[in-house]
Every structure is written in C-alpha cells, then in structure tokens.
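**Student:** Dropping a structure here in structure tokens format, bear with me for questions.
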Amino acid sequence: MNVQLLEATENPEELICRGARNDYMSEFNADLSFEETMASIEGETIEEKKRTLIAHLLQHGHYGPFEHPSATFAVKGMSRACMAQLTRHRHVSFDVQSMRYVAFDDVDPADVEAGAMVVTPPSATDANWIGRNQKGGTVDEEIVAKREELFLQSVRGSVEDYQELLDLGMPPEDARFVLPIGTKVNLVMTLNVRMLMHVADMRAAADSQWEIRELTEEVLAKAAEWCPLTFAYYEEKMQGRKNRLAP
Ligand SMILES: Cc1cc2nc3c(=O)[nH]c(=O)nc-3n(C[C@H](O)[C@H](O)[C@H](O)COP(=O)(O)OP(=O)(O)OC[C@H]3O[C@@H](n4cnc5c(N)ncnc54)[C@H](O)[C@@H]3O)c2cc1C
C-alpha cells in the first residue's frame with residue numbers, strides 16, 4: 001500500500017487556534033492579526049502559545065476547532081476488504097477507483113505472487129504472524145506453505161477467470177464478480193483533523209485488522225508533519241482511547 005498526502009489546509013494549527021479564540025473574543029476575529037488573536041494565551045513565543053491552546057482544547061474535549069483544517073490523501077493498492085472498513089466512516093469524503101470503467105485486463109496472473117491486483121495477507125506466508133482472532137504461537141512451516149499455495153492458486157484462478165470473461169465480452173462491471181475481496185483498489189479521501197483522530201482511535205487500535213492499522217499509521221505519520229503540535233499531543237496523551245472524540 002502506498003499513502004500520499006495530496007493537499008492539505010495551509011497553517012492548519014493557526015486555523016484551529018483562530019477558530020477556538022473566536023469563541024471567547026468580543027472583537028471580529030478577521031480584523032486581528034494571528035499574534036493579536038493569541039495575545040492572552042500563555043507562552044513566550046507564538047509557537048508556545050499555539051502549543052498551550054491546542055493542548056488545552058484537546059485536554060478539555062473542545063474538538064470543534066479541529067474540524068476546520070482538512071487533508072486529502074491518495075491511497076494506492078488497498079484491498080477492497082480494507083476499503084469496506086474505511087468507508088464506514090461517514091464524515092470522510094471518498095473517490096474510489098471504479099471496476100466498472102477500469103478493466104484490469106493487463107495484469108499477468110503469473111505476477112499474483114508479487115501482489116499484482118490482489119493483496120496477500122501476512123498470515124498466508126508468515127508462520128510467525130499472529131492475527132487478532134488467533135490463539136498465538138508459531139504455525140508449522142509446512143502448513144503455512146500449503147496456505148500460501150492454496151491462497152495463490154485461488155487468486156490466480158480468479159484473475160484468469162476474470163480476464164477470460166472480459167475476453168468473452170462480459171462487461172468489467174459484471175466480470176468483477178468473480179474477483180476476491182482482497183482485490184486492490186486506489187482511492188482518494190478527505191477528512192478533517194477531528195475525524196482523522198477519530199479514525200485513528202478506531203483503526204490504529206490493536207483489535208483492528210492489520211491492513212487498516214497499517215494505513216492509519218501511515219496517515220498519522222503524515223498528519224504529524226502537517227499538524228505537528230496536535231498530533232504530538234494526540235500520540236503522547238490520547239491515542240488508543242476509542243470513541244472519545246465521537247462517542
Ligand atoms: C475493530 C472493529 C470491528 C468492527 N466490526 C464491525 C462488524 O463486524 N460489523 C459492522 O457492521 N461494523 C463493524 N465495525 C465498524 C463500526 O461499527 C463503525 O461502523 C465504524 O467504525 C464507523 O465508526 P463510527 O461508528 O464511529 O462512525 P463514523 O462514521 O466514523 O462517525 C463518527 C461519529 O459520528 C457520530 N455519528 C455518525 N453518524 C451517526 C448517526 N447516524 N447517528 C448517530 N451518531 C452518528 C458518532 O458519534 C460516530 O462515532 C468495526 C469497527 C472496528 C474498529
């Protein structure tokens with residue numbers, strides 16, 4: 001999976017602070033410089049003042065201001081199983097690659113091992129992998145080799161059948177019915193900072209599936225560069241407490 005930040009609000013933390021300060025000022029926010037807006041906030045520098053206010057907001061559950069800045073991510077090669085989990089989040093906006101208009105007729109079924117077209121879960125190849133519903137412990141190497149063989153054989157068969165159905169004139173929107181739920185998809189998603197923290201609360205947690213956890217960790221890493229004070233506080237003090245931002 002490849003996750004890239006496409007676009008994001010400039011100066012997101014200034015915007016969060018401006019939004020929050022608006023609630024407690026008699027002046028019109030837009031008439032003031034950012035420094036004037038932050039005058040009463042504790043701190044020697046403007047950076048310190050931002051850190052103080054953002055920590056205060058997160059500590060007191062004042063999450064509204066975090067809805068102002070948003071970021072758009074492009075994701076390549078996520079399974080449709082993972083996409084179904086991600087798209088349950090109703091305040092995220094999505095554009096999803098269509099299997100109606102994009103026919104994957106150029107994929108070589110022999111490349112299935114290399115992850116062409118379908119995601120291979122780690123449990124298909126790694127004897128030491130422990131899934132969330134698994135009791136634990138290393139699985140016999142021979143059994144894992146059989147798993148891998150069966151998994152790849154099944155995927156290869158589906159990809160070949162799909163392409164043969166296309167050759168027989170079946171429209172891609174119908175031929176896709178034979179493809180597995182692990183079939184890869186590219187998508188673009190936009191979400192605000194509050195929602196990003198909520199998705200992370202739900203999906204970076206240990207009981208979420210490995211793939212959506214991986215995606216969330218990537219998104220969080222990029223969010224930390226974009227909105228550093230907010231996500232530093234989030235990582236340090238808040239992560240892992242489900243349904244807190246949106247009970
Ligand atoms: C480990 C795990 C396992 C899961 N297993 C399943 C499963 O087996 N089957 C299944 O169907 N789902 C499953 N889910 C999905 C889960 O139930 C939620 O649908 C999904 O995580 C979306 O999150 P959310 O409910 O917080 O809603 P979001 O869409 O992310 O909305 C954010 C918040 O907005 C508020 N909100 C949004 N819409 C409404 C509304 N209509 N009414 C009231 N409040 C609203 C809520 O406070 C909500 O928390 C699973 C999720 C996880 C993390």
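Note on naming: chains are A, B, ... as they come in the structure tokens, residues start from 1 per chain, ligands start from 1 in the order shown.
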Find the residues of chain A that sit at most 6 Å from ligand 1; for each, write down the nearest two atoms and how far apart they are in Å, to one decimal. Count only C-alpha atoms and all ligand atoms. Sort by chain, then by number going up, and give it as a tab-separated table.
**Tutor:**
```
residue	atom	partner	partner_atom_place_in_ligand_line	distance
A:Arg88	CA	ligand 1	22 (C)	4.8
A:His89	CA	ligand 1	29 (O)	3.4
A:Arg90	CA	ligand 1	29 (O)	3.6
A:His91	CA	ligand 1	29 (O)	5.7
A:Met202	CA	ligand 1	53 (C)	4.6
A:Arg203	CA	ligand 1	53 (C)	5.3
A:Asp207	CA	ligand 1	1 (C)	4.9
A:Ser208	CA	ligand 1	1 (C)	4.1
A:Ala246	CA	ligand 1	47 (O)	4.2
A:Pro247	CA	ligand 1	47 (O)	4.6
```
**Student:** Could you save the residues just selected, with N, CA, C and O atoms, as a PDB file, in the first residue's frame?
**Tutor:**
```pdb
ATOM      1  N   ARG A  88     -16.791   2.998   6.109  1.00  0.00           N
ATOM      2  CA  ARG A  88     -17.846   3.067   7.129  1.00  0.00           C
ATOM      3  C   ARG A  88     -17.815   4.411   7.859  1.00  0.00           C
ATOM      4  O   ARG A  88     -18.791   4.785   8.505  1.00  0.00           O
ATOM      5  N   HIS A  89     -16.683   5.113   7.744  1.00  0.00           N
ATOM      6  CA  HIS A  89     -16.566   6.402   8.452  1.00  0.00           C
ATOM      7  C   HIS A  89     -17.259   7.488   7.635  1.00  0.00           C
ATOM      8  O   HIS A  89     -16.777   7.925   6.599  1.00  0.00           O
ATOM      9  N   ARG A  90     -18.410   7.930   8.125  1.00  0.00           N
ATOM     10  CA  ARG A  90     -19.332   8.725   7.330  1.00  0.00           C
ATOM     11  C   ARG A  90     -18.947  10.178   7.144  1.00  0.00           C
ATOM     12  O   ARG A  90     -19.512  10.866   6.303  1.00  0.00           O
ATOM     13  N   HIS A  91     -17.995  10.668   7.928  1.00  0.00           N
ATOM     14  CA  HIS A  91     -17.592  12.069   7.748  1.00  0.00           C
ATOM     15  C   HIS A  91     -16.320  12.191   6.920  1.00  0.00           C
ATOM     16  O   HIS A  91     -15.710  13.258   6.884  1.00  0.00           O
ATOM     17  N   MET A 202     -10.158   4.503  16.286  1.00  0.00           N
ATOM     18  CA  MET A 202     -10.867   3.255  15.983  1.00  0.00           C
ATOM     19  C   MET A 202      -9.978   2.252  15.262  1.00  0.00           C
ATOM     20  O   MET A 202     -10.071   1.059  15.500  1.00  0.00           O
ATOM     21  N   ARG A 203      -9.138   2.769  14.349  1.00  0.00           N
ATOM     22  CA  ARG A 203      -8.481   1.871  13.392  1.00  0.00           C
ATOM     23  C   ARG A 203      -6.998   1.620  13.628  1.00  0.00           C
ATOM     24  O   ARG A 203      -6.426   0.742  12.979  1.00  0.00           O
ATOM     25  N   ASP A 207      -7.272  -4.176  18.084  1.00  0.00           N
ATOM     26  CA  ASP A 207      -8.287  -5.118  17.613  1.00  0.00           C
ATOM     27  C   ASP A 207      -8.745  -4.837  16.175  1.00  0.00           C
ATOM     28  O   ASP A 207      -9.612  -5.527  15.636  1.00  0.00           O
ATOM     29  N   SER A 208      -8.159  -3.832  15.533  1.00  0.00           N
ATOM     30  CA  SER A 208      -8.473  -3.598  14.117  1.00  0.00           C
ATOM     31  C   SER A 208      -7.595  -4.507  13.261  1.00  0.00           C
ATOM     32  O   SER A 208      -6.563  -4.987  13.717  1.00  0.00           O
ATOM     33  N   ALA A 246     -15.662  11.017  19.344  1.00  0.00           N
ATOM     34  CA  ALA A 246     -17.022  10.962  18.829  1.00  0.00           C
ATOM     35  C   ALA A 246     -17.726   9.790  19.497  1.00  0.00           C
ATOM     36  O   ALA A 246     -17.815   8.724  18.925  1.00  0.00           O
ATOM     37  N   PRO A 247     -18.201   9.982  20.721  1.00  0.00           N
ATOM     38  CA  PRO A 247     -18.793   8.858  21.442  1.00  0.00           C
ATOM     39  C   PRO A 247     -20.111   8.402  20.831  1.00  0.00           C
ATOM     40  O   PRO A 247     -20.734   9.174  20.132  1.00  0.00           O
TER      41      PRO A 247
END
```
**Student:** For segment 67-80 of chain A, work out the shell of residues within 6 Å, counting only C-alpha atoms and skipping chain neighbours fewer than 2 positions away, then give it as a list of chain:residue names.
**Tutor:** A:Met1, A:Asn2, A:Val3, A:Gln4, A:Leu5, A:Leu6, A:Glu7, A:Ala8, A:Thr9, A:Pro12, A:Gly64, A:Pro65, A:Cys82, A:Met83, A:Val119, A:Ile181, A:Gly182, A:Thr183, A:Lys184, A:Val185, A:Asn186, A:Leu187, A:Val188, A:Met189, A:Thr190, A:Leu191, A:Asn192, A:Val193, A:Arg194
**Student:** Using only C-alpha atoms for the distances, tell me which of A:Pro121, A:Tyr162, A:Cys227, A:Ile130 is nearest to Asp106 of chain A.
**Tutor:**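 For Asp106 of chain A, the nearest of the candidates is A:Tyr162.
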**Student:** Could you please determine the separation between atom CA of Gly169 of chain A and atom CA of Val107 of chain A in Å, to one decimal place?
**Tutor:**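 Atom CA of Val107 of chain A lies at a distance of 17.3 Å from atom CA of Gly169 of chain A.
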**Student:** With only C-alpha atoms as the counted atoms, please give the residues lying no more than 9 Å from Phe34 of chain A, apart from itself and same-chain residues fewer than 5 positions off, as number ranges by chain.
**Tutor:** A: 14, 17-18, 29, 39, 46
**Student:** Could you write out, as a VMD selection string, all the residues of segment 10-177 of chain A that DSSP marks as alpha helix (DSSP H)?
**Tutor:** chain A and resid 12 to 22 34 to 37 46 to 59 80 to 86 141 to 167 172 to 175
**Student:** Could you name the residues that touch segment 150-152 of chain A at 8 Å or less, counting only C-alpha atoms, but leaving out those on the same chain fewer than 4 positions away, as a PDB file with N, CA and C atoms, in the first residue's frame?
**Tutor:**
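The resulting file, selection_6.pdb, is reproduced below:
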```
ATOM      1  N   VAL A 112       0.814 -12.836  -9.643  1.00  0.00           N
ATOM      2  CA  VAL A 112      -0.014 -12.836  -8.436  1.00  0.00           C
ATOM      3  C   VAL A 112       0.867 -12.875  -7.178  1.00  0.00           C
ATOM      4  N   GLU A 113       1.941 -13.653  -7.220  1.00  0.00           N
ATOM      5  CA  GLU A 113       2.855 -13.762  -6.067  1.00  0.00           C
ATOM      6  C   GLU A 113       3.426 -12.398  -5.692  1.00  0.00           C
ATOM      7  N   ALA A 124      -0.852 -15.576   5.187  1.00  0.00           N
ATOM      8  CA  ALA A 124      -0.757 -16.575   4.107  1.00  0.00           C
ATOM      9  C   ALA A 124       0.679 -17.034   3.908  1.00  0.00           C
ATOM     10  N   LYS A 146       1.426 -24.639   2.644  1.00  0.00           N
ATOM     11  CA  LYS A 146       0.175 -25.095   1.999  1.00  0.00           C
ATOM     12  C   LYS A 146      -0.820 -23.946   1.879  1.00  0.00           C
ATOM     13  N   ARG A 156      -4.968 -16.683  -8.357  1.00  0.00           N
ATOM     14  CA  ARG A 156      -4.562 -16.774  -9.770  1.00  0.00           C
ATOM     15  C   ARG A 156      -5.751 -17.239 -10.626  1.00  0.00           C
TER      16      ARG A 156
END
```
**Student:** Neighbours of Arg213 of chain A within 9 Å (only C-alpha atoms; same-chain residues fewer than 5 positions away dropped), as a ChimeraX atom specification?
**Tutor:** /A:200,203-206,208,218
**Student:** Pull all heavy atoms from the residues just selected and write them as a PDB file, in the first residue's frame.
**Tutor:**
```pdb
ATOM      1  N   ALA A 200      -8.256   7.283  13.651  1.00  0.00           N
ATOM      2  CA  ALA A 200      -7.064   6.685  14.270  1.00  0.00           C
ATOM      3  C   ALA A 200      -7.429   5.974  15.574  1.00  0.00           C
ATOM      4  O   ALA A 200      -6.928   4.885  15.854  1.00  0.00           O
ATOM      5  CB  ALA A 200      -6.012   7.757  14.511  1.00  0.00           C
ATOM      6  N   ARG A 203      -9.138   2.769  14.349  1.00  0.00           N
ATOM      7  CA  ARG A 203      -8.481   1.871  13.392  1.00  0.00           C
ATOM      8  C   ARG A 203      -6.998   1.620  13.628  1.00  0.00           C
ATOM      9  O   ARG A 203      -6.426   0.742  12.979  1.00  0.00           O
ATOM     10  CB  ARG A 203      -8.682   2.405  11.971  1.00  0.00           C
ATOM     11  CG  ARG A 203     -10.141   2.604  11.583  1.00  0.00           C
ATOM     12  CD  ARG A 203     -10.923   1.310  11.664  1.00  0.00           C
ATOM     13  NE  ARG A 203     -12.293   1.487  11.194  1.00  0.00           N
ATOM     14  CZ  ARG A 203     -13.142   0.492  10.995  1.00  0.00           C
ATOM     15  NH1 ARG A 203     -12.789  -0.755  11.235  1.00  0.00           N
ATOM     16  NH2 ARG A 203     -14.366   0.735  10.583  1.00  0.00           N
ATOM     17  N   ALA A 204      -6.380   2.404  14.523  1.00  0.00           N
ATOM     18  CA  ALA A 204      -4.981   2.089  14.864  1.00  0.00           C
ATOM     19  C   ALA A 204      -4.963   1.165  16.082  1.00  0.00           C
ATOM     20  O   ALA A 204      -3.911   0.727  16.520  1.00  0.00           O
ATOM     21  CB  ALA A 204      -4.189   3.354  15.138  1.00  0.00           C
ATOM     22  N   ALA A 205      -6.134   0.875  16.628  1.00  0.00           N
ATOM     23  CA  ALA A 205      -6.221   0.045  17.830  1.00  0.00           C
ATOM     24  C   ALA A 205      -5.876  -1.414  17.512  1.00  0.00           C
ATOM     25  O   ALA A 205      -6.038  -1.862  16.380  1.00  0.00           O
ATOM     26  CB  ALA A 205      -7.633   0.137  18.402  1.00  0.00           C
ATOM     27  N   ALA A 206      -5.439  -2.123  18.540  1.00  0.00           N
ATOM     28  CA  ALA A 206      -4.933  -3.487  18.353  1.00  0.00           C
ATOM     29  C   ALA A 206      -5.991  -4.445  17.808  1.00  0.00           C
ATOM     30  O   ALA A 206      -5.664  -5.440  17.162  1.00  0.00           O
ATOM     31  CB  ALA A 206      -4.391  -4.001  19.671  1.00  0.00           C
ATOM     32  N   SER A 208      -8.159  -3.832  15.533  1.00  0.00           N
ATOM     33  CA  SER A 208      -8.473  -3.598  14.117  1.00  0.00           C
ATOM     34  C   SER A 208      -7.595  -4.507  13.261  1.00  0.00           C
ATOM     35  O   SER A 208      -6.563  -4.987  13.717  1.00  0.00           O
ATOM     36  CB  SER A 208      -8.219  -2.140  13.757  1.00  0.00           C
ATOM     37  OG  SER A 208      -9.282  -1.355  14.229  1.00  0.00           O
ATOM     38  N   GLU A 218       0.274   5.134   8.629  1.00  0.00           N
ATOM     39  CA  GLU A 218       0.856   5.970   7.557  1.00  0.00           C
ATOM     40  C   GLU A 218       0.203   7.348   7.549  1.00  0.00           C
ATOM     41  O   GLU A 218       0.871   8.371   7.406  1.00  0.00           O
ATOM     42  CB  GLU A 218       0.614   5.329   6.182  1.00  0.00           C
ATOM     43  CG  GLU A 218       1.356   4.027   5.953  1.00  0.00           C
ATOM     44  CD  GLU A 218       2.708   4.267   5.312  1.00  0.00           C
ATOM     45  OE1 GLU A 218       2.891   5.344   4.724  1.00  0.00           O
ATOM     46  OE2 GLU A 218       3.562   3.385   5.443  1.00  0.00           O
TER      47      GLU A 218
END
```
**Student:** List the neighbours of Ile143 of chain A out to 10 Å using only C-alpha atoms; skip same-chain residues closer than 6 positions along the sequence, and give me the result as a list in words.
**Tutor:** Ala124, Thr125, Ala127 and Glu149 of chain A
**Student:** Suppose we keep C-alpha atoms; can you now write the selection as a PDB file, in the first residue's frame?
**Tutor:**
```pdb
ATOM      1  CA  ALA A 124      -0.757 -16.575   4.107  1.00  0.00           C
ATOM      2  CA  THR A 125       3.040 -16.582   4.113  1.00  0.00           C
ATOM      3  CA  ALA A 127       4.487 -18.725  10.161  1.00  0.00           C
ATOM      4  CA  GLU A 149      -0.027 -22.362  -2.253  1.00  0.00           C
TER       5      GLU A 149
END
```
**Student:** With only C-alpha atoms as the basis for distance, which of A:Leu86, A:Ile16, A:Ala55, A:Leu166 is at the shortest distance from Glu211 of chain A?
**Tutor:** A:Leu86
**Student:** By how many Å are atom CA of Gln59 of chain A and atom CA of Tyr234 of chain A apart?
**Tutor:**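 Distance reported for this atom pair: 9.8 Å.
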**Student:** Restricting the calculation to only C-alpha atoms, which member of A:Leu220, A:Met99, A:Ala114, A:Leu15 is positioned closest to Glu173 of chain A?
**Tutor:** A:Met99
**Student:** Could you tell me which of A:Glu217, A:Glu47, A:Glu160, A:Asp167 comes closest to Pro180 of chain A if we count only C-alpha atoms?
**Tutor:**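 Looking only at the distances to Pro180 of chain A, the closest residue turns out to be A:Glu160.
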**Student:** So which one's closest to Met170 of chain A, A:Leu57, A:Ala103, A:Leu196, A:Val92? Using only C-alpha atoms, please.
**Tutor:**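 Among A:Leu57, A:Ala103, A:Leu196, A:Val92, it is A:Ala103 that comes nearest to Met170 of chain A.
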**Student:** Under the rule that only C-alpha atoms are counted, which of A:Gly115, A:Pro109, A:Gly43, A:Pro171 is the nearest residue to Val159 of chain A?
**Tutor:** A:Pro109
